Amino acid sequence: MNKVTQADFGTPAISTVETVQVEIDGIPTTVNAGTSIMRAARETGVDIPKLCATDSVKAFGSCRLCLVEIEGRRGYPASCTTPVEEGMKIRTQTDALAKIRRNVMELYISDHPLDCLTCAANGDCELQDMAGVVGLREVRYGFEGENHFDLPIDGSNPYFHFDSSKCIVCSRCVRACDEVQGTFALTIQGRGFGSRVSAGIDEGFLNSECVSCGACVQACPTATLVEKSIVDHGQPDHVVETTCAYCGVGCSFQAEMKGDQVVRMTPSKDGQANQGHSCVKGRFAWGYASHSDRILKPMVREKTSDPWREVDWEEAIGFAANRFKKIQEEYGRKSIGGITSSRCTNEEVYVVQKLIRAAMGNNNVDTCARVCHSPTGYGLNQTLGTSAGTQPFASVMDADVILVIGANPTDGHPVFASQMKRRLREGAKLIVVDPRKIGLVRSARIEAEYHLPLLPGTNVPMVNALAHVVLTEGLADEAYVRERCDTESFEAWKTQILRPENSPEVVSEITGVPAEDIRDAAHLYGSADRGAIYYGLGVTEHSQGSTMVMGMANLAMATGNIGFSGVGVNPLRGQNNVQGSCDMGSFPHELPGYRPVGNDEVRGKFEKHWGVSIDPEPGYRIPNMFDAACADLFKGMYIQGEDIAQSDPDTHHVEAALSNMECIVVQDLFLNETAKFAHVFLPGTSFLEKDGTFTNAERRINRVRPATKARQGKAEWQITQDLAQALGYDMNYSTSAEIMDEIAELTPTFKNVSFKLLDEVGSVQWPCNEAAPQGTPIMHINEFVRGKGLFIETEYVPTEERANRKFPLLLTTGRILSQYNVGAQTRRTENNIWHPEDLLEIHPSDAEVRGVREGDRVSLASRKGDITLKATITERVQPGVVYTTFHNPETGANVVTTEYSDWATSCPEYKVTAVEVTPATHRSEWQRGFEERAKEQGRILGSE
Ligand code: SF4
Ligand code: SF4
Ligand code: SF4
Ligand code: FES
């Protein structure tokens with residue numbers, strides 16, 4: 001059985017090269033200078049009793065339980081707030097100390113309900129532990145005095161409750177909220193005996209500023225803040241170390257288990273991406289894995305209007321294989337293909353692209369990363385030589401200036417946002433480039449120096465203008481460029497950027513941002529010692545997404561901001577394994593490791609290993625698959641864990657393509673929107689059942705370990721393997737570790753990666769090979785992966801999608817903290833309480849002229865289609881811009897988005913759609929059709 005409790009050293013680790021020698025209870029020891037006595041003792045194997053200290057927050061010194069004696073000093077200093085000094089001789093156990101500690105505990109216990117046997121924290125309560133440790137035998141003050149026993153429980157948060165009667169006012173929760181999460185939602189109200197923790201004046205946790213990250217719950221030493229799942233199920237008996245399956249931060253977790261029941265997810269302190277922190281999704285929103293909507297039996301049907309028929313695995317696989325074979329006989333080898341999922345493991349993705357290339361005999365494989373970060377892969381590869389971000393997350397702690405472009409970290413990448421906010425509170429400066437006033441622009445103790453609220457679609461002129469200022473004001477790092485970059489390309493880029501159309505004054509007219517702000521922001525970034533760029537889909541999902549990625553790389557190279565800590569160009573990846581799905585060869589032109597399928601040598605290596613010949617011609621990208629389907633050329637698709645009917649742009653076109661196919665195989669947890677067009681449904685596994693790896697936004701390969709067995713009876717890679725075999729290709733793995741071994745053998749950047757290594761060291765960042773056996777946290781240190789950094793000209797080409805009299809507003813889209821992507825998982829959790837439906841954000845002036853009031857249902861129409869949704873009036877968006885999320889299928893946000901896409905990668909232009917908003921009198925035609933289909937599906941399922 002694995003250990004349930006994670007070690008607590010009492011105070012945070014001090015990182016320094018200086019050490020001091022001390023003696024603790026007669027044991028000589030060497031520790032880092034500045035370490036607290038408490039931590040030094042713990043590192044030496046001596047536990048000092050404590051209550052108000054925990055190693056995730058700074059020491060506070062309030063409980064007086066951790067007192068020690070120091071030779072030559074008077075009194076009893078608190079070990080949590082006293083740093084070690086050279087030669088100190090410390091005693092942690094004396095009669096005098098024991099007496100003081102018992103007294104302290106007597107006081108605490110006299111105001112604590114003694115219901116230990118029925119308390120949810122029984123067995124996991126530090127107050128209970130400390131009573132035992134100090135040898136408490138009596139409470140001389142009695143229990144009859146003034147107390148807090150009758151205070152009510154706040155159960156408003158769906159995941160944890162707050163029982164103030166058990167609170168010892170140690171303020172660990174307050175400090176966790178401030179220091180770890182950075183939300184500052186909690187305070188201690190009142191004084192002396194009346195002091196109580198509060199989430200807001202007269203409001204419960206639910207209505208407070210709290211974002212439900214759970215850091216306070218984790219920090220609480222008593223049952224005051226406790227997970228409802230623990231109240232329901234009791235304490236865990238073992239843990240399984242795994243990785244969150246939501247966003248690209250890739251937080252490590254301990255799945256705390258009772259038999260095969262998850263009772264709590266606790267972020268791992270050793271997790272190198274999250275260091276013990278998490279957000280509401282990873283910590284709490286895992287209930288979807290056992291939701292009753294999950295499909296656990298394979299199903300097939302002749303036609304999509306037929307009822308689903310539950311069958312065994314053999315029949316389902318045989319049905320799919322026969323259909324695929326028949327289609328290929330009739331329409332040719334290239335008439336089928338598939339899509340890999342950025343939510344699945346590297347191993348699961350790898351076998352799907354192998355199935356398509358080796359068993360289907362073509363390269364018609366693409367991935368949902370196509371619709372999010374494909375421009376990142378292209379742009380960074382062209383300029384720097386590798387299709388990934390340059391830094392580990394921890395690098396942000398060395399940044400002086402942080403430039404966030406088209407990303408909303410507090411909602412999309414919350415744990416990284418907390419780390420970034422820590423650095424900002426320490427003094428780093430922030431520039432936000434975003435059409436919307438995202439949370440980072442102004443929040444507790446954080447204020448951006450500059451917010452450049454540009455119009456959607458004008459990123460490229462903005463980055464050009466920033467570069468223009470850097471070049472004209474002498475802020476370029478000429479020495480760095482001479483030494484590290486291709487100088488010819490630099491000169492050509494410089495000539496382009498210095499042209500008058502890239503001056504802040506001209507760009508101001510295009511972007512709507514005052515020239516002075518552009519100039520000042522450029523000055524701030526250009527003169528930083530360490531300037532770091534972080535960006536998201538607000539950069540990539542544009543017709544010039546790739547150009548913008550290259551523009552940012554140019555800017556970073558020109559200012560010497562790549563190749564060391566605190567700098568870089570860093571994509572914040574959306575889904576948990578976007579990086580991995582791209583690494584695993586999910587693109588139609590690239591084999592694993594981003595190597596061209598048209599290259600004979602590369603292809604030959606795979607052909608030899610796989611024992612087949614591989615088509616040298618790149619296959620269809622996702623949009624090409626849809627076009628070919630509408631043209632009767634593409635007739636069958638294997639869709640792994642992706643809901644393209646909801647997530648891809650121009651829903652009408654996608655639905656037309658799906659309706660025109662003869663075999664759609666959906667492998668997923670739930671009957672999603674795409675499954676309405678499917679003929680075969682192969683039930684997938686949740687992350688709690690998977691054995692494999694995810695690769696996060698910092699190229700970190702993390703292990704995903706099964707906490708429970710596959711509920712539908714089969715690992716997903718086995719399903720794919722069975723299908724490959726049924727199609728006549730002998731795929732033959734017996735474990736997912738074997739799949740990783742093959743990946744490592746065939747992919748130079750993964751050469752040293754194995755489950756064994758990951759189990760030993762926790763995680764590694766690729767490249768991980770002979771040159772870097774333990775991985776590569778920072779890339780391009782002495783030289784760029786491509787040799788010399790290449791500057792690429794970034795001419796601004798406005799999108800075809802323009803506002804006009806008919807569609808005068810620009811719609812941009814994004815996500816919200818509590819929901820995730822198409823919502824298939826989070827909508828099946830209590831997270832719905834925070835975001836039950838997608839809302840349209842509209843500026844007060846735009847709302848007023850349209851007669852739209854708060855909460856009104858409005859029609860959102862583009863030249864592609866129209867939907868209705870509720871409006872919310874807010875100055876978060878600027879006049880002329882509206883914004884919505886896309887988490888609910890019934891909203892149909894992609895009914896209005898267009899067919900425009902990035903010129904290099906076909907990544908859809910989700911972020912710019914010209915629209916009009918009017919008060920709605922009825923639901924849109926698409927939504928009525930959606931409801932009809934939902935009813936029909938219900939009827940079909942109900943008829944089973
Ligand atoms: S759950 Fe997170 S945000 Fe909410 S009070 Fe606790 S620490 Fe603060
Ligand atoms: S709620 Fe828990 S962590 Fe917060 S002050 Fe009370 S006992 Fe301490
Ligand atoms: S930040 Fe991302 S990876 Fe971490 S817990 Fe939240 S959703 Fe999961
Ligand atoms: S643990 Fe040191 S004073 Fe509370």
# chains A, B, ... in the order shown; residues from 1 in each chain; ligands from 1
call {"tool": "select_by_dssp", "arguments": {"residues": "stretch 508-570 of chain A", "states": "alpha helix (DSSP H)", "output": "MDAnalysis selection string"}}
result
chainID A and resid 508:511 515:526 537:540 545:558
call {"tool": "select_by_dssp", "arguments": {"residues": "stretch 69-287 of chain A", "states": "strand (DSSP E)", "output": "number ranges by chain"}}
result
A: 69-70, 89-91, 153-154, 160-163, 187-189, 196-198, 225-227, 238-243, 252-258, 261-267
call {"tool": "closest_residue", "arguments": {"among": "A:Gly892, A:Gly377, A:Pro221, A:Gly775", "to": "ligand 2", "atoms": "only C-alpha atoms and all ligand atoms"}}
result
A:Pro221
call {"tool": "residues_near_ligand", "arguments": {"ligand": "ligand 2", "cutoff": "8 Å", "atoms": "only C-alpha atoms and all ligand atoms", "output": "VMD selection string"}}
result
chain A and resid 52 162 to 164 166 to 174 188 196 to 197 216 to 217 219 to 225
call {"tool": "residues_near_ligand", "arguments": {"ligand": "ligand 1", "cutoff": "10 Å", "atoms": "only C-alpha atoms and all ligand atoms", "output": "number ranges by chain"}}
result
A: 157, 159-160, 172-187, 198-200, 205-206, 208-220, 225, 277-280
call {"tool": "residues_around", "arguments": {"residues": "stretch 129-135 of chain A", "least_positions_apart": "4", "cutoff": "12 Å", "atoms": "only C-alpha atoms", "output": "VMD selection string"}}
result
chain A and resid 47 to 52 63 65 to 66 93 to 110 112 114 116 121 to 125 139 221 to 222
call {"tool": "residues_around", "arguments": {"residues": "stretch 618-623 of chain A", "least_positions_apart": "4", "cutoff": "7 Å", "atoms": "only C-alpha atoms", "output": "PDB file with all heavy atoms, in the first residue's frame"}}
result
ATOM      1  N   ASN A 362      -2.734   5.003 -45.295  1.00  0.00           N
ATOM      2  CA  ASN A 362      -2.610   6.380 -45.776  1.00  0.00           C
ATOM      3  C   ASN A 362      -2.201   7.275 -44.605  1.00  0.00           C
ATOM      4  O   ASN A 362      -2.028   6.804 -43.485  1.00  0.00           O
ATOM      5  CB  ASN A 362      -3.924   6.859 -46.410  1.00  0.00           C
ATOM      6  CG  ASN A 362      -5.073   6.880 -45.413  1.00  0.00           C
ATOM      7  OD1 ASN A 362      -4.965   7.465 -44.340  1.00  0.00           O
ATOM      8  ND2 ASN A 362      -6.177   6.213 -45.773  1.00  0.00           N
ATOM      9  N   ASN A 363      -2.040   8.562 -44.886  1.00  0.00           N
ATOM     10  CA  ASN A 363      -1.640   9.490 -43.817  1.00  0.00           C
ATOM     11  C   ASN A 363      -2.775  10.428 -43.427  1.00  0.00           C
ATOM     12  O   ASN A 363      -2.540  11.552 -43.001  1.00  0.00           O
ATOM     13  CB  ASN A 363      -0.419  10.304 -44.274  1.00  0.00           C
ATOM     14  CG  ASN A 363       0.813   9.434 -44.396  1.00  0.00           C
ATOM     15  OD1 ASN A 363       1.183   8.739 -43.464  1.00  0.00           O
ATOM     16  ND2 ASN A 363       1.433   9.438 -45.572  1.00  0.00           N
ATOM     17  N   ASN A 364      -4.005   9.944 -43.575  1.00  0.00           N
ATOM     18  CA  ASN A 364      -5.154  10.783 -43.222  1.00  0.00           C
ATOM     19  C   ASN A 364      -5.365  10.809 -41.719  1.00  0.00           C
ATOM     20  O   ASN A 364      -6.391  10.397 -41.193  1.00  0.00           O
ATOM     21  CB  ASN A 364      -6.429  10.262 -43.899  1.00  0.00           C
ATOM     22  CG  ASN A 364      -6.392  10.470 -45.384  1.00  0.00           C
ATOM     23  OD1 ASN A 364      -5.694  11.373 -45.869  1.00  0.00           O
ATOM     24  ND2 ASN A 364      -7.127   9.651 -46.131  1.00  0.00           N
ATOM     25  N   VAL A 365      -4.343  11.306 -41.023  1.00  0.00           N
ATOM     26  CA  VAL A 365      -4.461  11.429 -39.570  1.00  0.00           C
ATOM     27  C   VAL A 365      -4.230  12.886 -39.213  1.00  0.00           C
ATOM     28  O   VAL A 365      -3.340  13.537 -39.730  1.00  0.00           O
ATOM     29  CB  VAL A 365      -3.462  10.502 -38.839  1.00  0.00           C
ATOM     30  CG1 VAL A 365      -2.022  10.755 -39.249  1.00  0.00           C
ATOM     31  CG2 VAL A 365      -3.610  10.659 -37.331  1.00  0.00           C
ATOM     32  N   ASP A 366      -5.069  13.380 -38.385  1.00  0.00           N
ATOM     33  CA  ASP A 366      -4.890  14.734 -37.880  1.00  0.00           C
ATOM     34  C   ASP A 366      -5.314  14.711 -36.420  1.00  0.00           C
ATOM     35  O   ASP A 366      -5.771  13.684 -35.912  1.00  0.00           O
ATOM     36  CB  ASP A 366      -5.726  15.730 -38.702  1.00  0.00           C
ATOM     37  CG  ASP A 366      -5.114  17.130 -38.696  1.00  0.00           C
ATOM     38  OD1 ASP A 366      -4.149  17.372 -37.950  1.00  0.00           O
ATOM     39  OD2 ASP A 366      -5.608  17.997 -39.444  1.00  0.00           O
ATOM     40  N   PRO A 588      -0.808  14.971 -40.661  1.00  0.00           N
ATOM     41  CA  PRO A 588      -0.798  14.172 -41.888  1.00  0.00           C
ATOM     42  C   PRO A 588       0.531  14.209 -42.649  1.00  0.00           C
ATOM     43  O   PRO A 588       0.779  13.349 -43.482  1.00  0.00           O
ATOM     44  CB  PRO A 588      -1.920  14.790 -42.729  1.00  0.00           C
ATOM     45  CG  PRO A 588      -2.254  16.089 -42.097  1.00  0.00           C
ATOM     46  CD  PRO A 588      -1.835  16.009 -40.672  1.00  0.00           C
ATOM     47  N   HIS A 589       1.373  15.184 -42.320  1.00  0.00           N
ATOM     48  CA  HIS A 589       2.656  15.270 -43.044  1.00  0.00           C
ATOM     49  C   HIS A 589       3.841  14.860 -42.186  1.00  0.00           C
ATOM     50  O   HIS A 589       4.972  14.879 -42.650  1.00  0.00           O
ATOM     51  CB  HIS A 589       2.870  16.696 -43.574  1.00  0.00           C
ATOM     52  CG  HIS A 589       3.014  17.719 -42.469  1.00  0.00           C
ATOM     53  ND1 HIS A 589       2.015  17.973 -41.567  1.00  0.00           N
ATOM     54  CD2 HIS A 589       4.049  18.527 -42.131  1.00  0.00           C
ATOM     55  CE1 HIS A 589       2.422  18.906 -40.721  1.00  0.00           C
ATOM     56  NE2 HIS A 589       3.657  19.235 -41.042  1.00  0.00           N
ATOM     57  N   VAL A 597       6.936  12.878 -43.360  1.00  0.00           N
ATOM     58  CA  VAL A 597       6.608  11.560 -43.894  1.00  0.00           C
ATOM     59  C   VAL A 597       7.170  11.408 -45.311  1.00  0.00           C
ATOM     60  O   VAL A 597       7.418  10.295 -45.790  1.00  0.00           O
ATOM     61  CB  VAL A 597       5.075  11.336 -43.842  1.00  0.00           C
ATOM     62  CG1 VAL A 597       4.340  12.156 -44.894  1.00  0.00           C
ATOM     63  CG2 VAL A 597       4.705   9.873 -43.967  1.00  0.00           C
ATOM     64  N   ASP A 627     -14.121  18.632 -46.305  1.00  0.00           N
ATOM     65  CA  ASP A 627     -14.396  19.008 -47.704  1.00  0.00           C
ATOM     66  C   ASP A 627     -14.504  17.756 -48.570  1.00  0.00           C
ATOM     67  O   ASP A 627     -15.411  17.634 -49.405  1.00  0.00           O
ATOM     68  CB  ASP A 627     -13.277  19.907 -48.252  1.00  0.00           C
ATOM     69  CG  ASP A 627     -13.262  21.259 -47.561  1.00  0.00           C
ATOM     70  OD1 ASP A 627     -14.269  21.597 -46.898  1.00  0.00           O
ATOM     71  OD2 ASP A 627     -12.235  21.964 -47.659  1.00  0.00           O
TER      72      ASP A 627
END
call {"tool": "residues_near_ligand", "arguments": {"ligand": "ligand 3", "cutoff": "9 Å", "atoms": "only C-alpha atoms and all ligand atoms", "output": "MDAnalysis selection string"}}
result
chainID A and resid 213 243:253 267 273:274 277:284 411:417 574:576 696 817 820
call {"tool": "residues_around", "arguments": {"residues": "A:Leu424", "least_positions_apart": "5", "cutoff": "9 Å", "atoms": "only C-alpha atoms", "output": "PyMOL selection string"}}
result
chain A and resi 397+400-402+419+429-430+445-447
call {"tool": "write_last_selection", "arguments": {"atoms": "N, CA and C atoms", "output": "mmCIF file, in the first residue's frame"}}
result
data_model
loop_
_atom_site.group_PDB
_atom_site.id
_atom_site.type_symbol
_atom_site.label_atom_id
_atom_site.label_comp_id
_atom_site.auth_asym_id
_atom_site.auth_seq_id
_atom_site.Cartn_x
_atom_site.Cartn_y
_atom_site.Cartn_z
ATOM 1 N N MET A 397 9.515 32.493 -12.483
ATOM 2 C CA MET A 397 9.943 33.091 -11.221
ATOM 3 C C MET A 397 11.221 33.918 -11.383
ATOM 4 N N ASP A 400 11.491 39.331 -15.288
ATOM 5 C CA ASP A 400 11.293 40.706 -14.795
ATOM 6 C C ASP A 400 10.071 41.343 -15.429
ATOM 7 N N VAL A 401 9.862 41.017 -16.707
ATOM 8 C CA VAL A 401 8.698 41.544 -17.416
ATOM 9 C C VAL A 401 7.990 40.362 -18.079
ATOM 10 N N ILE A 402 6.690 40.293 -17.865
ATOM 11 C CA ILE A 402 5.905 39.178 -18.410
ATOM 12 C C ILE A 402 4.904 39.752 -19.400
ATOM 13 N N GLN A 419 1.339 30.737 -10.030
ATOM 14 C CA GLN A 419 2.795 30.894 -9.953
ATOM 15 C C GLN A 419 3.202 32.256 -10.544
ATOM 16 N N LYS A 429 6.945 42.968 -13.742
ATOM 17 C CA LYS A 429 5.952 43.844 -14.396
ATOM 18 C C LYS A 429 5.174 43.034 -15.428
ATOM 19 N N LEU A 430 3.922 43.448 -15.628
ATOM 20 C CA LEU A 430 3.043 42.680 -16.510
ATOM 21 C C LEU A 430 2.484 43.554 -17.630
ATOM 22 N N ARG A 445 -3.949 42.391 -5.469
ATOM 23 C CA ARG A 445 -2.494 42.661 -5.387
ATOM 24 C C ARG A 445 -1.776 42.573 -6.730
ATOM 25 N N ILE A 446 -2.519 42.569 -7.824
ATOM 26 C CA ILE A 446 -1.891 42.498 -9.156
ATOM 27 C C ILE A 446 -2.499 43.596 -10.012
ATOM 28 N N GLU A 447 -1.647 44.318 -10.702
ATOM 29 C CA GLU A 447 -2.176 45.252 -11.706
ATOM 30 C C GLU A 447 -1.192 45.314 -12.856
#
call {"tool": "residues_around", "arguments": {"residues": "stretch 300-314 of chain A", "least_positions_apart": "4", "cutoff": "6 Å", "atoms": "only C-alpha atoms", "output": "list in words"}}
result
Gly318, Phe677, His679, Val680 and Ile940 of chain A
call {"tool": "residues_around", "arguments": {"residues": "A:Val433", "least_positions_apart": "4", "cutoff": "8 Å", "atoms": "only C-alpha atoms", "output": "ChimeraX atom specification"}}
result
/A:403-406,451-454
call {"tool": "atom_distance", "arguments": {"atom1": "atom CA of A:Thr340", "atom2": "atom CA of A:Gly684"}}
result
13.0 Å
call {"tool": "atom_distance", "arguments": {"atom1": "atom CA of A:Lys676", "atom2": "atom CA of A:Tyr910"}}
result
23.5 Å
call {"tool": "closest_residue", "arguments": {"among": "A:Glu347, A:Glu925, A:Ala41, A:Ile816", "to": "A:Asn832", "atoms": "only C-alpha atoms"}}
result
A:Ile816
call {"tool": "closest_residue", "arguments": {"among": "A:Asn554, A:Ser62, A:Ser387, A:Ser292", "to": "ligand 4", "atoms": "only C-alpha atoms and all ligand atoms"}}
result
A:Ser62
call {"tool": "closest_residue", "arguments": {"among": "A:Arg436, A:Gln825, A:Arg853, A:Arg294", "to": "A:Thr884", "atoms": "only C-alpha atoms"}}
result
A:Arg436
call {"tool": "atom_distance", "arguments": {"atom1": "atom CA of A:Ala558", "atom2": "atom CA of A:Val441"}}
result
26.2 Å
